[in-house]
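The structure appears right after this line, and notes come after that.
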Amino acid sequence: MRTLGWVLCVALLAPAAVADEGHHGHELTAEGLGTVSFPTSCSEAVEKQMERGVALLHSFWYGEAERTFAAAAKQDTKCAMAHWGVAMSLWHPLWDPPEKEELKRGLASLEKAGKLAATPREQQYIAALKTFYSGWETKDFRTRALAYEQAMAKVHEQNPEDREAAIFYALSLLATEDPKDKTYANQQKAGRILNELLPEMPNHPGIAHYLIHSFDHPGIAEQGLEAARRYAAIAPASSHARHMPSHIFTRLGLWQESEKSNRSAIEAADAAMAQGKQGLGDKLHAMDYAAYASLQRGEEQEAERLTREAESMAKDAKSGARRAAFGYALIGSRYALERRQWGEAAAMWVPERASAEPQALVYWTRTVGAARSGDAELARKELAKLRAAVRDIGGDTSGYGWHPGDLEVETARAWVAQAEGRSEEAEQRLRAAAEREEEGELGAIAYPPIVPAREMLADLLMELQRPAHALAEYEDTLKDSPDRFNALYGAAHAAELAGKSESAEKYYGRLLKVSGSEQATRPEVARAKSAVKGD
């Protein structure tokens, strides 16, 4: 396990310096942040702080980045780019859109930057970022993100020797990707830019990080595997850097690697918080992926431990902090629904002081659990609460991330219909939800789905005693979600009931390989062993 003081020993070629700024890059590997070169016209006294701030930005350590840039601005009152850095720390291209107060602060920082002397290149950076913040009261997130992307394209074109301009431009392409574009045009373009820079800058945190994001999609995840296996070693001080590889591991069904990645990320987040640094969100995100991976390996005890820890964090958080509540909602929902404990799902604790997003997710889980338990009356009540919470979410949800919404309502309505004996309607709703989900209806998702809609459709078909049809849906689920535990078991059981013994043996065998650890205690594992032995 790497520690925060781990020093990376990687040989690299220094990127070409930008002509109109006076100093060169610093290696930040002793601190565990990678190597960044970001020349500015700021004083030599703050040049390393500025590059540290940029390195923190590239690993999405935004709170620390803002503090670093703010300190630089205080130390060098003429440093325009320090104020640019504060604004960059506030907009989070691949996370949720900034809140109102963050938008105000970001714009104010850029206005300060605009009043200070800056080089032509620096003025371009400041003006480009201002296109995102300007008009935030009337323009939606995507409109402003597209304006920033177009502005960064010009910065990149006009400063061809500036490697950071290319990297930030690649990031802007990812922030404006179209979830419904299955050619992945923006992602592939960003990937080409980053891959061209990689041989020259193998220790740059942003290159590896954004390559992972570029290929964090079904069908192309394999292209991000090399970057996934490098990033944690480039920036080991960052919990997010240790976690991000698991995005690719999850896409490819590499559950053991995902578990290891997220255990390491949790360790780094705990260490950061012990030092008074940002880490709560990073820890919860890593816990979510770790729990998901444990469940796919059949390791119920580890998933339960993470669920109980998340619940405790949510209950202890002051005023029901949104991050803690949302982390608990994700992890707790997975734990109940993956194990098909419908009564447990129906009784899941609701974080009452939390915002609408985690509440909506819990109400969705409770609706599905009640319906699949056969309690139609309770399911209808929980569905009404889900709809109310989804209405309350409102706001601008066009940024990267996931917000419970119409798809959750649709799948919940399907299971309520099934509980009320309207099986044809249930099938129609789940089939439509599966198609919408696969077309990109959920947007640029930062999380693996709680349960893929197509897998739920397959489950329904099994309830309707149509195993051959269910098998086809489980197999389609496995194309986008390889080696999902329940899809493998469902495919095996469906094949068995459909009289397709060869397929049944194949899927049971695969399930045993995926859940090969001694900690795999889920009862489906025992059933798979029995089936393979022919008992």
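Chain identifiers are assigned as A, B, and so on, following the order in which chains appear in the structure tokens; residues are numbered from 1 within each chain, and ligands are numbered from 1 in order of appearance.
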Sorted per-residue table, segment 309-426 of chain A near segment 282-299 of chain A, closest atoms and distance, 12 Å, only C-alpha atoms, as JSON lines:
```
{"residue": "A:Glu309", "atom": "CA", "partner": "A:Met287", "partner_atom": "CA", "distance": 9.2}
{"residue": "A:Ala310", "atom": "CA", "partner": "A:Leu284", "partner_atom": "CA", "distance": 7.4}
{"residue": "A:Glu311", "atom": "CA", "partner": "A:Leu284", "partner_atom": "CA", "distance": 10.8}
{"residue": "A:Ser312", "atom": "CA", "partner": "A:Leu284", "partner_atom": "CA", "distance": 11.9}
{"residue": "A:Met313", "atom": "CA", "partner": "A:Leu284", "partner_atom": "CA", "distance": 9.3}
{"residue": "A:Ala314", "atom": "CA", "partner": "A:Leu284", "partner_atom": "CA", "distance": 10.2}
{"residue": "A:Arg322", "atom": "CA", "partner": "A:Leu284", "partner_atom": "CA", "distance": 11.3}
{"residue": "A:Arg323", "atom": "CA", "partner": "A:Leu284", "partner_atom": "CA", "distance": 7.7}
{"residue": "A:Ala324", "atom": "CA", "partner": "A:Leu284", "partner_atom": "CA", "distance": 7.0}
{"residue": "A:Ala325", "atom": "CA", "partner": "A:Leu284", "partner_atom": "CA", "distance": 9.6}
{"residue": "A:Phe326", "atom": "CA", "partner": "A:Leu284", "partner_atom": "CA", "distance": 8.7}
{"residue": "A:Gly327", "atom": "CA", "partner": "A:Leu284", "partner_atom": "CA", "distance": 5.4}
{"residue": "A:Tyr328", "atom": "CA", "partner": "A:Leu284", "partner_atom": "CA", "distance": 8.0}
{"residue": "A:Ala329", "atom": "CA", "partner": "A:Asp288", "partner_atom": "CA", "distance": 9.6}
{"residue": "A:Leu330", "atom": "CA", "partner": "A:Asp288", "partner_atom": "CA", "distance": 6.7}
{"residue": "A:Ile331", "atom": "CA", "partner": "A:Asp288", "partner_atom": "CA", "distance": 5.3}
{"residue": "A:Gly332", "atom": "CA", "partner": "A:Asp288", "partner_atom": "CA", "distance": 9.0}
{"residue": "A:Ser333", "atom": "CA", "partner": "A:Asp288", "partner_atom": "CA", "distance": 10.2}
{"residue": "A:Arg334", "atom": "CA", "partner": "A:Tyr292", "partner_atom": "CA", "distance": 7.0}
{"residue": "A:Tyr335", "atom": "CA", "partner": "A:Leu295", "partner_atom": "CA", "distance": 7.5}
{"residue": "A:Ala336", "atom": "CA", "partner": "A:Leu295", "partner_atom": "CA", "distance": 10.4}
{"residue": "A:Leu337", "atom": "CA", "partner": "A:Leu295", "partner_atom": "CA", "distance": 10.4}
{"residue": "A:Glu338", "atom": "CA", "partner": "A:Leu295", "partner_atom": "CA", "distance": 7.1}
{"residue": "A:Arg339", "atom": "CA", "partner": "A:Leu295", "partner_atom": "CA", "distance": 8.0}
{"residue": "A:Arg340", "atom": "CA", "partner": "A:Leu295", "partner_atom": "CA", "distance": 11.5}
{"residue": "A:Gly401", "atom": "CA", "partner": "A:His285", "partner_atom": "CA", "distance": 11.9}
```
All helix (DSSP H, G or I) residues (DSSP, backbone) inside segment 303-529 of chain A, as a PyMOL selection string: chain A and resi 303-316+318-320+322-338+342-346+356-372+376-393+406-419+423-439+453-463+467-480+485-497+501-514+523-529
Would you compute the distance between atom CA of Ala470 of chain A and atom CA of Glu455 of chain A? Give it in Å to one decimal.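 Separation of atom CA of Ala470 of chain A and atom CA of Glu455 of chain A: 8.8 Å.
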Grab the atom CA of Trp84 of chain A to atom CA of Tyr125 of chain A distance for me, in Å with one decimal place. 7.8 Å
Hey, can you check how far atom CA of Leu407 of chain A sits from atom CA of Met456 of chain A?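 Computing it gives 12.6 Å between the two atoms.
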Quick one: everything within 10 Å of Leu361 of chain A, counting only C-alpha atoms, minus sequence neighbours fewer than 4 positions away in the same chain. Send it as a ChimeraX atom specification. /A:326,329-330,332-333,350,356-357,365-367,386,389-390,403-405,408,450
Would you write out those residues with C-alpha atoms, as a PDB file, in the first residue's frame?
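Output saved as again-v4.pdb:
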```pdb
ATOM      1  CA  PHE A 326     -25.748  10.548  -0.957  1.00  0.00           C
ATOM      2  CA  ALA A 329     -27.937   6.181  -0.280  1.00  0.00           C
ATOM      3  CA  LEU A 330     -25.781   4.730  -3.048  1.00  0.00           C
ATOM      4  CA  GLY A 332     -27.079   1.135   1.085  1.00  0.00           C
ATOM      5  CA  SER A 333     -29.210   0.779  -2.041  1.00  0.00           C
ATOM      6  CA  VAL A 350     -34.296   7.733   4.890  1.00  0.00           C
ATOM      7  CA  ALA A 356     -33.696  15.667  -2.381  1.00  0.00           C
ATOM      8  CA  GLU A 357     -31.147  13.575  -4.355  1.00  0.00           C
ATOM      9  CA  THR A 365     -35.013   1.567  -3.370  1.00  0.00           C
ATOM     10  CA  ARG A 366     -37.926   1.367  -0.936  1.00  0.00           C
ATOM     11  CA  THR A 367     -40.444   1.322  -3.808  1.00  0.00           C
ATOM     12  CA  LEU A 386     -40.118   9.232  -4.914  1.00  0.00           C
ATOM     13  CA  ALA A 389     -38.431  14.046  -4.213  1.00  0.00           C
ATOM     14  CA  VAL A 390     -37.638  13.992  -7.945  1.00  0.00           C
ATOM     15  CA  HIS A 403     -29.317  12.622 -10.375  1.00  0.00           C
ATOM     16  CA  PRO A 404     -32.339  10.396  -9.648  1.00  0.00           C
ATOM     17  CA  GLY A 405     -35.077  11.317 -12.094  1.00  0.00           C
ATOM     18  CA  GLU A 408     -35.987   5.851 -11.585  1.00  0.00           C
ATOM     19  CA  ILE A 450     -27.504   0.515  -8.915  1.00  0.00           C
TER      20      ILE A 450
END
```
If we count only C-alpha atoms, what is near segment 372-376 of chain A at a cut-off of 9 Å, once residues fewer than 3 positions away on the same chain are taken out, given as an MDAnalysis selection string? chainID A and resid 341:343 346 367:369 379:381 415:420
Writer output for current selection, C-alpha atoms, as a PDB file, in the first residue's frame:
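As written to disk, part-v6.pdb reads:
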```
ATOM      1  CA  GLN A 341     -33.234  -8.550   0.126  1.00  0.00           C
ATOM      2  CA  TRP A 342     -36.519  -6.902  -0.787  1.00  0.00           C
ATOM      3  CA  GLY A 343     -37.837  -6.438   2.745  1.00  0.00           C
ATOM      4  CA  ALA A 346     -38.329  -1.559   1.559  1.00  0.00           C
ATOM      5  CA  THR A 367     -40.444   1.322  -3.808  1.00  0.00           C
ATOM      6  CA  VAL A 368     -38.644  -1.472  -5.637  1.00  0.00           C
ATOM      7  CA  GLY A 369     -38.176  -3.428  -2.410  1.00  0.00           C
ATOM      8  CA  ALA A 379     -44.964   0.382  -2.922  1.00  0.00           C
ATOM      9  CA  ARG A 380     -47.550   2.941  -4.064  1.00  0.00           C
ATOM     10  CA  LYS A 381     -46.872   5.096  -0.990  1.00  0.00           C
ATOM     11  CA  TRP A 415     -42.373  -2.899 -10.377  1.00  0.00           C
ATOM     12  CA  VAL A 416     -45.495  -1.372  -8.822  1.00  0.00           C
ATOM     13  CA  ALA A 417     -47.413  -2.448 -11.919  1.00  0.00           C
ATOM     14  CA  GLN A 418     -46.044  -5.976 -11.518  1.00  0.00           C
ATOM     15  CA  ALA A 419     -47.045  -6.023  -7.842  1.00  0.00           C
ATOM     16  CA  GLU A 420     -50.557  -5.020  -8.879  1.00  0.00           C
TER      17      GLU A 420
END
```
Using only C-alpha atoms, which protein or nucleic acid residues come within 12 Å of Arg192 of chain A? Drop anything in the same chain fewer than 3 positions from it, and give the result as a list in words.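 Returned residues: Ala166, Ile167, Tyr169, Ala170, Leu173, Ala185, Asn186, Gln187, Gln188, Lys189, Asn195, Glu196, Leu197, Leu198, Ile207, Tyr210, Leu211, Ser214, Phe215, Gln223 and Gly224 of chain A.
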Quick one: of A:Asp96, A:Glu64, A:Glu518, A:Glu439, who's nearest to Lys277 of chain A, counting only C-alpha atoms?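 That would be A:Glu64, the residue with the smallest distance to Lys277 of chain A.
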